[in-house]
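What's in my_file.txt: compact mmCIF, C-alpha atoms
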```txt
# COMPACT_ATOMS: atom_id res chain seq x y z
CA MET A 1 53.45 -12.75 -19.61
CA ALA A 2 51.37 -11.48 -16.69
CA PRO A 3 49.59 -14.19 -14.68
CA LYS A 4 45.87 -14.56 -15.34
CA VAL A 5 43.73 -12.90 -12.70
CA ASP A 6 40.68 -14.92 -11.73
CA LEU A 7 37.98 -12.62 -10.35
CA SER A 8 35.35 -15.32 -9.86
CA THR A 9 34.14 -15.31 -6.30
CA SER A 10 32.93 -18.84 -5.72
CA THR A 11 33.44 -22.26 -7.15
CA ARG A 12 30.22 -23.69 -5.72
CA GLU A 13 27.89 -25.23 -8.24
CA ARG A 14 24.82 -23.07 -8.89
CA CYS A 15 21.17 -23.92 -9.08
CA VAL A 16 20.19 -21.51 -11.84
CA THR A 17 16.76 -20.11 -10.94
CA GLY A 18 15.99 -19.24 -14.57
CA ILE A 19 14.81 -15.82 -13.41
CA GLN A 20 17.39 -13.73 -15.23
CA GLY A 21 17.43 -10.72 -12.92
CA LEU A 22 17.66 -12.90 -9.83
CA ASP A 23 20.44 -15.06 -11.27
CA ASN A 24 22.38 -11.88 -12.04
CA ALA A 25 21.84 -10.63 -8.47
CA LEU A 26 23.07 -14.01 -7.16
CA ASP A 27 26.13 -14.14 -9.39
CA GLY A 28 24.80 -17.11 -11.33
CA GLY A 29 22.12 -18.65 -9.13
CA ILE A 30 21.54 -20.15 -5.69
CA PRO A 31 24.50 -22.23 -4.48
CA ARG A 32 23.30 -25.79 -4.93
CA GLY A 33 22.07 -27.43 -1.76
CA ASN A 34 21.28 -24.17 0.00
CA THR A 35 18.07 -23.82 1.99
CA ILE A 36 16.73 -20.33 1.47
CA LEU A 37 13.90 -18.30 2.88
CA VAL A 38 11.70 -16.36 0.46
CA THR A 39 9.95 -14.00 2.76
CA GLY A 40 7.43 -11.19 2.54
CA SER A 41 3.89 -10.10 3.21
CA CYS A 42 0.91 -11.22 1.14
CA GLY A 43 0.71 -10.22 -2.51
CA THR A 44 4.42 -9.64 -2.93
CA GLY A 45 4.97 -12.53 -5.36
CA LYS A 46 6.59 -15.19 -3.14
CA THR A 47 4.58 -18.13 -4.47
CA THR A 48 4.89 -16.97 -8.08
CA LEU A 49 8.67 -16.63 -7.77
CA SER A 50 8.94 -20.05 -6.13
CA LEU A 51 6.79 -21.72 -8.77
CA GLU A 52 8.86 -20.22 -11.57
CA PHE A 53 12.04 -21.48 -9.88
CA LEU A 54 10.57 -24.99 -10.05
CA VAL A 55 9.25 -24.74 -13.61
CA HIS A 56 12.70 -23.69 -14.90
CA GLY A 57 14.29 -26.57 -13.02
CA ALA A 58 11.79 -29.02 -14.48
CA LEU A 59 12.42 -27.64 -17.97
CA ASP A 60 16.13 -28.31 -17.37
CA GLY A 61 15.32 -31.94 -16.60
CA GLU A 62 15.45 -31.75 -12.79
CA THR A 63 12.71 -33.28 -10.66
CA CYS A 64 11.02 -30.48 -8.74
CA LEU A 65 8.63 -30.71 -5.83
CA PHE A 66 6.15 -28.18 -4.50
CA ILE A 67 4.76 -28.91 -1.05
CA SER A 68 1.69 -26.81 -0.54
CA VAL A 69 0.72 -26.21 3.06
CA THR A 70 -1.89 -23.50 2.78
CA GLU A 71 -3.53 -23.89 -0.62
CA ALA A 72 -4.72 -26.91 -2.58
CA SER A 73 -2.18 -27.60 -5.32
CA SER A 74 -4.95 -27.86 -7.93
CA LYS A 75 -5.65 -24.18 -7.30
CA LEU A 76 -1.95 -23.31 -7.57
CA LEU A 77 -1.72 -24.98 -10.94
CA THR A 78 -4.00 -22.38 -12.44
CA ASN A 79 -1.31 -19.80 -11.58
CA ILE A 80 1.44 -21.42 -13.63
CA ILE A 81 -0.50 -22.36 -16.73
CA PRO A 82 -0.43 -18.76 -18.10
CA TYR A 83 3.40 -18.84 -18.25
CA ASP A 84 4.62 -18.71 -21.86
CA PHE A 85 7.30 -21.27 -21.01
CA PHE A 86 5.14 -23.71 -19.04
CA GLU A 87 4.61 -27.17 -20.51
CA GLU A 88 1.89 -29.41 -19.11
CA SER A 89 3.99 -32.44 -19.98
CA LEU A 90 6.29 -31.52 -17.06
CA ILE A 91 3.57 -32.69 -14.69
CA LYS A 92 2.69 -35.77 -16.71
CA LYS A 93 6.37 -36.79 -16.89
CA GLY A 94 6.72 -36.36 -13.13
CA LYS A 95 9.27 -33.57 -13.44
CA LEU A 96 7.02 -31.14 -11.61
CA ILE A 97 5.31 -32.68 -8.60
CA PHE A 98 2.75 -31.13 -6.29
CA VAL A 99 2.05 -32.53 -2.84
CA ASP A 100 -0.46 -31.16 -0.34
CA MET A 101 0.99 -31.09 3.16
CA PRO A 102 -2.36 -31.82 4.89
CA VAL A 103 -2.36 -35.15 3.01
CA VAL A 104 1.14 -35.88 4.34
CA TYR A 105 0.05 -35.02 7.88
CA GLU A 106 -2.91 -37.34 7.54
CA ARG A 107 -0.84 -40.25 6.21
CA LEU A 108 1.67 -39.82 9.02
CA GLY A 109 -1.08 -39.62 11.60
CA LEU A 110 0.00 -36.12 12.63
CA ASN A 111 -3.40 -34.86 13.60
CA LYS A 112 -2.54 -32.81 16.69
CA LEU A 113 -2.45 -29.04 16.55
CA GLU A 114 1.01 -29.04 18.13
CA PHE A 115 3.78 -31.45 17.12
CA SER A 116 6.23 -32.98 19.58
CA LEU A 117 9.99 -33.21 18.85
CA GLU A 118 9.48 -36.82 17.80
CA GLU A 119 6.76 -35.82 15.39
CA VAL A 120 9.08 -33.15 13.95
CA ASP A 121 11.53 -35.97 13.20
CA VAL A 122 8.79 -38.01 11.57
CA LEU A 123 7.86 -35.06 9.35
CA VAL A 124 11.48 -34.36 8.34
CA ARG A 125 12.00 -38.05 7.51
CA ALA A 126 8.82 -38.13 5.44
CA VAL A 127 9.89 -35.11 3.36
CA ALA A 128 13.40 -36.55 3.02
CA ASP A 129 11.97 -39.89 1.85
CA ILE A 130 9.92 -38.21 -0.87
CA VAL A 131 12.99 -36.20 -1.98
CA LYS A 132 15.20 -39.30 -2.00
CA GLU A 133 12.70 -41.56 -3.70
CA MET A 134 11.94 -39.13 -6.50
CA ASP A 135 15.48 -37.72 -6.73
CA VAL A 136 14.14 -34.21 -6.19
CA LYS A 137 16.66 -31.46 -6.96
CA ARG A 138 14.47 -28.44 -6.20
CA LEU A 139 11.95 -28.19 -3.39
CA VAL A 140 9.55 -25.48 -2.30
CA ILE A 141 7.56 -25.55 0.94
CA ASP A 142 4.80 -22.94 0.83
CA SER A 143 4.65 -21.87 3.52
CA ILE A 144 7.06 -22.81 6.27
CA THR A 145 5.19 -20.36 8.52
CA SER A 146 2.13 -22.60 8.44
CA VAL A 147 4.27 -25.59 9.46
CA CYS A 148 5.87 -23.51 12.23
CA TYR A 149 2.44 -22.73 13.67
CA ARG A 150 2.23 -26.42 14.53
CA LEU A 151 5.68 -26.44 16.11
CA ARG A 152 5.05 -23.40 18.28
CA THR A 153 8.28 -23.26 20.30
CA GLN A 154 11.49 -21.73 18.97
CA GLU A 155 13.34 -24.89 19.97
CA LYS A 156 11.16 -27.10 17.75
CA ILE A 157 11.24 -24.64 14.85
CA ARG A 158 15.03 -24.48 15.05
CA ASP A 159 15.20 -28.25 15.21
CA PHE A 160 12.89 -28.66 12.22
CA ILE A 161 14.63 -26.15 9.95
CA LEU A 162 18.14 -27.34 10.88
CA LYS A 163 17.23 -30.96 10.26
CA ILE A 164 15.32 -30.40 7.05
CA GLY A 165 18.04 -28.06 5.72
CA ALA A 166 20.84 -30.51 6.49
CA THR A 167 18.93 -33.50 5.13
CA LEU A 168 17.94 -31.82 1.87
CA SER A 169 21.42 -30.38 1.37
CA SER A 170 22.99 -33.82 1.82
CA LEU A 171 20.63 -35.04 -0.91
CA GLY A 172 21.80 -32.27 -3.26
CA CYS A 173 18.41 -30.60 -3.12
CA THR A 174 18.12 -26.81 -3.25
CA SER A 175 15.18 -25.71 -1.14
CA VAL A 176 13.01 -22.65 -0.93
CA LEU A 177 11.03 -22.13 2.26
CA VAL A 178 8.31 -19.54 1.80
CA SER A 179 7.84 -17.39 4.87
CA GLU A 180 4.92 -15.10 5.54
CA ILE A 181 5.31 -11.94 7.57
CA SER A 182 3.02 -9.01 8.20
CA PRO A 183 3.80 -5.79 6.27
CA ALA A 184 4.92 -3.97 9.43
CA GLU A 185 7.30 -6.74 10.53
CA GLU A 186 10.86 -5.60 11.22
CA ARG A 187 12.34 -9.04 10.80
CA TYR A 188 12.37 -11.59 8.00
CA SER A 189 10.37 -14.37 9.62
CA LEU A 190 7.42 -14.64 11.96
CA PHE A 191 9.20 -16.64 14.64
CA GLY A 192 12.64 -15.03 14.23
CA VAL A 193 14.35 -18.41 14.08
CA GLU A 194 13.93 -19.26 10.40
CA GLU A 195 15.96 -16.28 9.19
CA ALA A 196 18.95 -17.09 11.37
CA ILE A 197 19.18 -20.69 10.23
CA ALA A 198 18.49 -20.39 6.50
CA ASP A 199 21.46 -20.18 4.10
CA GLY A 200 19.83 -17.33 2.25
CA ILE A 201 17.08 -14.75 2.53
CA ILE A 202 15.22 -13.19 -0.37
CA PHE A 203 12.99 -10.44 0.95
CA MET A 204 9.97 -9.43 -1.11
CA GLY A 205 8.00 -6.34 -0.21
CA ASN A 206 5.77 -3.51 -1.24
CA LEU A 207 7.30 -0.06 -1.41
CA GLU A 208 5.10 2.98 -1.45
CA ARG A 209 6.65 5.93 -3.24
CA ARG A 210 4.59 9.08 -3.67
CA GLY A 211 1.37 7.09 -3.78
CA ASP A 212 2.66 4.37 -6.12
CA LEU A 213 2.95 0.84 -4.76
CA LEU A 214 5.94 -1.03 -6.17
CA ARG A 215 6.70 -4.74 -5.68
CA THR A 216 10.31 -5.10 -4.57
CA LEU A 217 12.88 -7.87 -4.09
CA GLN A 218 16.15 -7.80 -2.18
CA VAL A 219 18.68 -10.55 -1.55
CA VAL A 220 19.52 -9.96 2.10
CA LYS A 221 21.77 -12.95 2.64
CA MET A 222 23.09 -15.84 0.55
CA ARG A 223 25.82 -18.12 1.80
CA GLY A 224 28.30 -19.37 -0.77
CA THR A 225 28.11 -16.52 -3.25
CA GLN A 226 28.81 -12.83 -3.66
CA HIS A 227 25.45 -11.24 -4.28
CA SER A 228 23.81 -7.92 -4.90
CA ARG A 229 22.12 -6.34 -1.89
CA THR A 230 20.34 -3.66 -3.85
CA LYS A 231 16.58 -3.41 -4.00
CA TYR A 232 14.89 -4.37 -7.27
CA VAL A 233 11.42 -3.64 -8.56
CA LEU A 234 9.70 -6.66 -10.01
CA ASP A 235 6.86 -7.45 -12.34
CA LEU A 236 4.98 -10.73 -12.49
CA THR A 237 4.39 -11.43 -16.18
CA SER A 238 3.54 -14.32 -18.44
CA ALA A 239 7.22 -14.26 -19.46
CA GLY A 240 8.11 -14.82 -15.79
CA VAL A 241 9.34 -12.58 -13.00
CA LEU A 242 11.19 -9.55 -14.38
CA LEU A 243 13.45 -7.32 -12.30
CA VAL A 244 14.95 -3.85 -12.67
CA PRO A 245 16.90 -1.88 -10.05
CA LEU A 246 14.87 0.48 -7.89
CA LEU A 247 15.55 4.06 -8.95
CA LYS A 248 16.91 6.10 -6.08
CA GLY A 249 16.41 9.56 -7.57
CA GLY A 250 18.93 11.08 -5.21
CA SER A 251 17.48 9.25 -2.17
CA VAL A 252 13.94 8.16 -1.49
CA ALA A 253 12.60 7.59 1.99
CA GLY A 254 12.27 3.89 2.62
CA GLY A 255 13.91 3.09 -0.68
CA MET B 1 12.28 16.54 -48.59
CA SER B 2 9.35 16.07 -46.19
CA VAL B 3 9.81 15.82 -42.43
CA THR B 4 8.71 12.16 -42.58
CA THR B 5 11.34 11.21 -45.16
CA ASN B 6 14.02 13.36 -43.59
CA VAL B 7 13.65 11.75 -40.15
CA ALA B 8 13.67 8.25 -41.63
CA GLU B 9 16.74 8.99 -43.77
CA LYS B 10 18.67 10.37 -40.81
CA LEU B 11 17.82 7.36 -38.67
CA LEU B 12 18.90 5.01 -41.46
CA THR B 13 22.44 6.41 -41.29
CA LEU B 14 22.80 5.39 -37.64
CA PRO B 15 24.32 2.11 -36.46
CA GLU B 16 22.43 -0.53 -34.45
CA SER B 17 22.07 0.24 -30.70
CA SER B 18 22.03 3.99 -31.30
CA ALA B 19 20.26 6.30 -28.89
CA VAL B 20 18.90 9.47 -30.42
CA ALA B 21 17.22 12.61 -29.12
CA LEU B 22 14.68 13.83 -31.65
CA GLN B 23 13.78 17.50 -31.39
CA ILE B 24 10.26 17.98 -32.66
CA ARG B 25 7.96 20.92 -33.18
CA ALA B 26 4.33 20.14 -32.29
CA GLU B 27 3.24 20.72 -35.88
CA HIS B 28 5.53 17.91 -37.10
CA TYR B 29 4.47 15.40 -34.42
CA PHE B 30 2.58 12.90 -36.60
CA ASP B 31 4.99 13.33 -39.54
CA VAL B 32 7.81 12.25 -37.25
CA ILE B 33 5.84 9.29 -35.90
CA ARG B 34 5.13 8.20 -39.46
CA GLY B 35 8.79 8.61 -40.42
CA ILE B 36 9.87 6.33 -37.58
CA LEU B 37 7.12 3.70 -37.54
CA ASP B 38 6.20 3.48 -41.21
CA ASN B 39 9.44 4.30 -43.00
CA PHE B 40 12.42 3.55 -40.77
CA ALA B 41 11.11 0.58 -38.70
CA VAL B 42 9.54 -1.10 -41.75
CA LYS B 43 12.72 -0.75 -43.83
CA LYS B 44 14.84 -2.14 -40.99
CA GLU B 45 12.24 -4.84 -40.15
CA LEU B 46 12.09 -3.75 -36.52
CA ASP B 47 9.42 -4.27 -33.89
CA SER B 48 8.42 -0.90 -32.49
CA ILE B 49 7.74 -0.29 -28.79
CA TYR B 50 6.17 3.10 -28.28
CA ILE B 51 6.19 4.52 -24.74
CA THR B 52 3.60 7.24 -24.49
CA SER B 53 3.37 9.65 -21.60
CA THR B 54 2.16 12.58 -23.69
CA ILE B 55 -1.18 11.51 -25.17
CA PRO B 56 -3.18 8.31 -24.69
CA SER B 57 -2.07 5.45 -26.92
CA GLN B 58 -5.59 5.22 -28.32
CA SER B 59 -5.17 8.68 -29.90
CA ILE B 60 -1.96 7.53 -31.57
CA VAL B 61 -3.59 4.27 -32.67
CA ASN B 62 -6.46 6.26 -34.21
CA ALA B 63 -3.99 8.49 -36.06
CA LEU B 64 -1.99 5.50 -37.31
CA GLN B 65 -5.19 3.93 -38.61
CA VAL B 66 -6.08 7.10 -40.48
CA LEU B 67 -2.55 7.15 -41.93
CA GLU B 68 -3.06 3.45 -42.87
CA ILE B 69 0.08 2.36 -41.05
CA ASP B 70 0.38 -1.38 -40.44
CA MET B 71 0.10 -1.92 -36.67
CA SER B 72 1.10 -5.58 -36.52
CA ASN B 73 4.65 -4.85 -35.30
CA ILE B 74 3.87 -1.82 -33.15
CA TYR B 75 3.32 -2.14 -29.39
CA PHE B 76 2.50 0.54 -26.84
CA VAL B 77 3.42 1.12 -23.23
CA ASP B 78 0.89 3.71 -22.12
CA CYS B 79 1.49 5.45 -18.80
CA ILE B 80 -0.92 8.33 -19.26
CA SER B 81 -4.35 6.81 -19.97
CA GLN B 82 -4.92 5.40 -16.49
CA ILE B 83 -3.95 8.60 -14.72
CA MET B 84 -6.24 10.52 -17.09
CA MET B 85 -9.02 7.99 -16.48
CA SER B 86 -9.31 7.61 -20.25
CA MET B 87 -9.17 3.90 -20.88
CA ALA B 88 -12.46 3.53 -22.70
CA SER B 89 -11.23 0.74 -24.97
CA LYS B 90 -8.12 -1.39 -24.63
CA HIS B 91 -6.02 -2.01 -27.71
CA GLU B 92 -4.58 -5.52 -27.93
CA HIS B 93 -1.05 -4.17 -28.51
CA THR B 94 -1.12 -1.84 -25.51
CA ILE B 95 0.17 -2.41 -21.98
CA TYR B 96 -0.82 0.14 -19.38
CA VAL B 97 1.30 1.51 -16.56
CA GLU B 98 -0.65 3.23 -13.80
CA SER B 99 1.30 6.45 -13.73
CA PRO B 100 4.25 8.19 -15.44
CA THR B 101 5.93 8.26 -12.03
CA MET B 102 6.29 4.47 -12.10
CA LEU B 103 9.47 4.63 -14.15
CA GLU B 104 10.68 1.19 -13.12
CA ASN B 105 7.42 -0.28 -14.39
CA LEU B 106 7.99 1.42 -17.75
CA MET B 107 11.35 -0.36 -17.98
CA LEU B 108 9.74 -3.65 -16.92
CA LYS B 109 7.00 -3.41 -19.56
CA VAL B 110 9.57 -2.63 -22.27
CA GLU B 111 11.61 -5.61 -21.09
CA TYR B 112 8.50 -7.78 -21.22
CA LEU B 113 7.62 -6.69 -24.77
CA ILE B 114 11.18 -7.29 -25.94
CA LYS B 115 10.98 -10.79 -24.48
CA ARG B 116 7.61 -11.41 -26.12
CA THR B 117 8.79 -10.21 -29.52
CA GLU B 118 12.09 -12.09 -29.39
CA GLY B 119 13.63 -12.83 -32.77
CA LYS B 120 13.44 -9.36 -34.27
CA ASN B 121 15.40 -6.25 -33.37
CA ASP B 122 13.52 -3.43 -31.71
CA ILE B 123 13.17 0.31 -31.75
CA ILE B 124 11.93 1.95 -28.57
CA ILE B 125 10.34 5.38 -28.88
CA LEU B 126 10.00 7.47 -25.74
CA ASP B 127 7.30 10.11 -26.22
CA SER B 128 8.36 12.34 -24.55
CA ILE B 129 11.06 13.42 -22.15
CA ASN B 130 9.12 16.66 -21.57
CA SER B 131 5.93 14.98 -20.39
CA LEU B 132 7.91 12.63 -18.12
CA ALA B 133 9.63 15.70 -16.69
CA ILE B 134 6.25 17.07 -15.61
CA HIS B 135 5.73 14.07 -13.32
CA ASN B 136 9.30 13.27 -12.21
CA ASN B 137 12.21 15.22 -10.81
CA THR B 138 15.42 15.59 -12.81
CA LYS B 139 17.47 13.21 -10.67
CA ILE B 140 15.17 10.22 -10.97
CA LEU B 141 14.49 10.93 -14.64
CA SER B 142 18.21 11.08 -15.42
CA GLU B 143 18.72 7.79 -13.59
CA PHE B 144 15.83 6.25 -15.53
CA LEU B 145 17.19 7.39 -18.90
CA HIS B 146 20.66 6.16 -18.06
CA LEU B 147 19.41 2.69 -17.11
CA LEU B 148 16.89 2.42 -19.94
CA VAL B 149 19.25 3.50 -22.73
CA ASN B 150 22.13 1.33 -21.56
CA ASN B 151 19.87 -1.66 -21.12
CA LEU B 152 18.50 -1.18 -24.63
CA ARG B 153 21.98 -0.73 -26.08
CA ALA B 154 22.94 -4.10 -24.59
CA LYS B 155 19.94 -5.59 -26.42
CA LYS B 156 21.03 -3.94 -29.70
CA ALA B 157 17.84 -1.90 -29.82
CA TYR B 158 17.47 1.61 -31.19
CA THR B 159 16.22 4.24 -28.74
CA VAL B 160 14.54 7.43 -29.93
CA ILE B 161 13.65 10.02 -27.30
CA PHE B 162 11.23 12.76 -28.29
CA SER B 163 12.04 16.24 -27.04
CA MET B 164 9.46 18.91 -27.85
CA GLU B 165 11.03 22.15 -29.09
CA GLU B 166 8.36 24.25 -27.40
CA TYR B 167 9.25 22.88 -23.95
CA ARG B 168 13.04 22.78 -24.17
CA SER B 169 14.96 23.50 -20.99
CA GLU B 170 18.57 23.35 -19.90
CA ASP B 171 17.84 20.47 -17.52
CA ILE B 172 16.31 18.37 -20.28
CA SER B 173 19.12 19.13 -22.73
CA ASN B 174 21.74 18.15 -20.15
CA MET B 175 19.87 14.98 -19.31
CA LEU B 176 19.69 13.94 -22.95
CA ASN B 177 23.27 14.88 -23.77
CA ILE B 178 24.56 12.38 -21.23
CA VAL B 179 22.75 9.37 -22.74
CA VAL B 180 22.25 9.91 -26.47
CA ASP B 181 24.71 9.45 -29.31
CA GLU B 182 23.13 12.07 -31.53
CA THR B 183 20.48 14.77 -31.59
CA ILE B 184 18.33 15.03 -34.70
CA VAL B 185 16.20 18.06 -35.41
CA ALA B 186 13.02 17.01 -37.19
CA ALA B 187 12.51 19.39 -40.09
CA GLY B 188 11.83 19.33 -43.81
CA GLU B 189 14.39 20.47 -46.38
```
Once more with this new file: its structure as structure tokens, please.
Amino acid sequence: MAPKVDLSTSTRERCVTGIQGLDNALDGGIPRGNTILVTGSCGTGKTTLSLEFLVHGALDGETCLFISVTEASSKLLTNIIPYDFFEESLIKKGKLIFVDMPVVYERLGLNKLEFSLEEVDVLVRAVADIVKEMDVKRLVIDSITSVCYRLRTQEKIRDFILKIGATLSSLGCTSVLVSEISPAEERYSLFGVEEAIADGIIFMGNLERRGDLLRTLQVVKMRGTQHSRTKYVLDLTSAGVLLVPLLKGGSVAGG
Amino acid sequence: MSVTTNVAEKLLTLPESSAVALQIRAEHYFDVIRGILDNFAVKKELDSIYITSTIPSQSIVNALQVLEIDMSNIYFVDCISQIMMSMASKHEHTIYVESPTMLENLMLKVEYLIKRTEGKNDIIILDSINSLAIHNNTKILSEFLHLLVNNLRAKKAYTVIFSMEEYRSEDISNMLNIVVDETIVAAGE
């Protein structure tokens, strides 16, 4: 009898995002404990994708945390209520937690416009404490770019992302760092450091094709799994984020 | 046998997941629609998703109302009304796509409706390959059909693609032959 051939590419446990098209592209989900960058310009669906990732985790019984840096979480909540699969009890049960970063800054006494290396450590410890205390398995920071504005130097940004990534990974927490770039940017993060350090990059963009503007998603990098690198077109619906492959039509400029 | 009955009978002989090209003469257009939506889909207890790129969905809705066809299990993906600036009133069962060139969005809206109507099997009607060919080149349209039909097959849905006799071309026939299991000519007997 011929030996069984195992074609599976990775044995790492997966954090299933619950977004079917994305899980397929990632060969089952994000490798658990990875820190990934969801990056793109405004209006490309980064926050929506990240929120859905958390809602599915919470529905699976995991404690999920959203740290909002730029927007008040009360405003964000209005974006997830229209989901067909959203249950308000997730928030009441403490499975889906929202924290506003400005409140964290205030409690830690981080009032300066630029943080020192010591203050970076304080911030990382504070996030790690919340994750540990609440046994958080999925975390989103929206956006990491806003935090990086307070770090300013590449050295401090590198230090922050390395430390937070390592700490969260050691706690078994899969993290999504939302990164904002301008539409013309030729890299995946504003400071150029975030993309090199993250375990994975999901790039979300707008593609103009003959006057039509399509929302696109591409997994550029993901450590610990074989993944698709093709470009997908996405739709943000009440049934969640839906993906289909971008049609090439025998080659399309920019596509 | 009328065109309506004939089309329904032919579809009833096909197995689940079938993809069919339906050759239609313009004069039989509404008879065929009735055969699919009122006879075949009702008998098989299917939800119907009707992709229209030929005429605005509202015109089809009006016709279905005149024909007294129950609309509760019929949904539309309309990719022609917006481009024609003819969205006077929105029907609750209609989703609009900005343009017939946004083929990926057509697939996404079908996917969405299938998710929303989970529990029942579906029939997806593409009306028509000829009108989509006006707005898209053959390569991208072939790719679209290939992806759409195979995706629907995997979901055990029926796919019916309208091809208007009056606008037949070799390109369209070749495109359809690659993806469909059968070609039915809509005619009475």
Q: May I ask you to extract the residues of chain A within 12 Å of chain B, using all atoms listed in the file, and to give them as a ChimeraX atom specification?
A: /A:20-21,83-85,207-216,231-252
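Shortest separation to A:Arg125 among A:Thr153, A:Thr167, A:Thr39, A:Ser68 occurs at residue A:Thr167, atoms counted being all atoms listed in the file.
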Q. Which neighbours of stretch 45-56 of chain A fall inside 6 Å, counting only C-alpha atoms, when residues of the same chain fewer than 2 positions from it are skipped, and could you give them as a ChimeraX atom specification?
A. /A:17-18,43,58-59,64
Q) Which residues come within 8 Å of stretch 118-133 of chain B, counting all atoms listed in the file, excluding same-chain residues fewer than 4 positions away, as a PyMOL selection string? A) chain B and resi 41+45-54+100-101+114+137-138+141+156-164+167-168+172
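Taking atom CA of B:Val20 and atom CA of B:Ala63 as the two end points, the separation is 23.6 Å.
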Q) Taking all atoms listed in the file into account, which of B:Ser81, B:Asp171, B:His146, B:Glu166 comes nearest B:Glu27? A) B:Glu166
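The two atoms in question, atom CA of A:Thr63 and atom CA of A:Val127, are spaced 14.4 Å apart.
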**Q.** Contacts of A:Ile197 at 12 Å (only C-alpha atoms; same-chain gap of 3+ positions) as a VMD selection string
**A.** chain A and resid 34 to 37 154 157 to 166 177 188 to 189 191 to 194 200 to 201 221 to 223
Q: Find the spatial neighbours of B:Lys90, counting all atoms listed in the file, within a cut-off of 12 Å - ignore same-chain residues fewer than 3 positions away - and output them as JSON, numbers by chain.
A: {"B": [56, 57, 58, 59, 61, 76, 77, 78, 81, 82, 86, 87, 93, 94, 95, 96]}
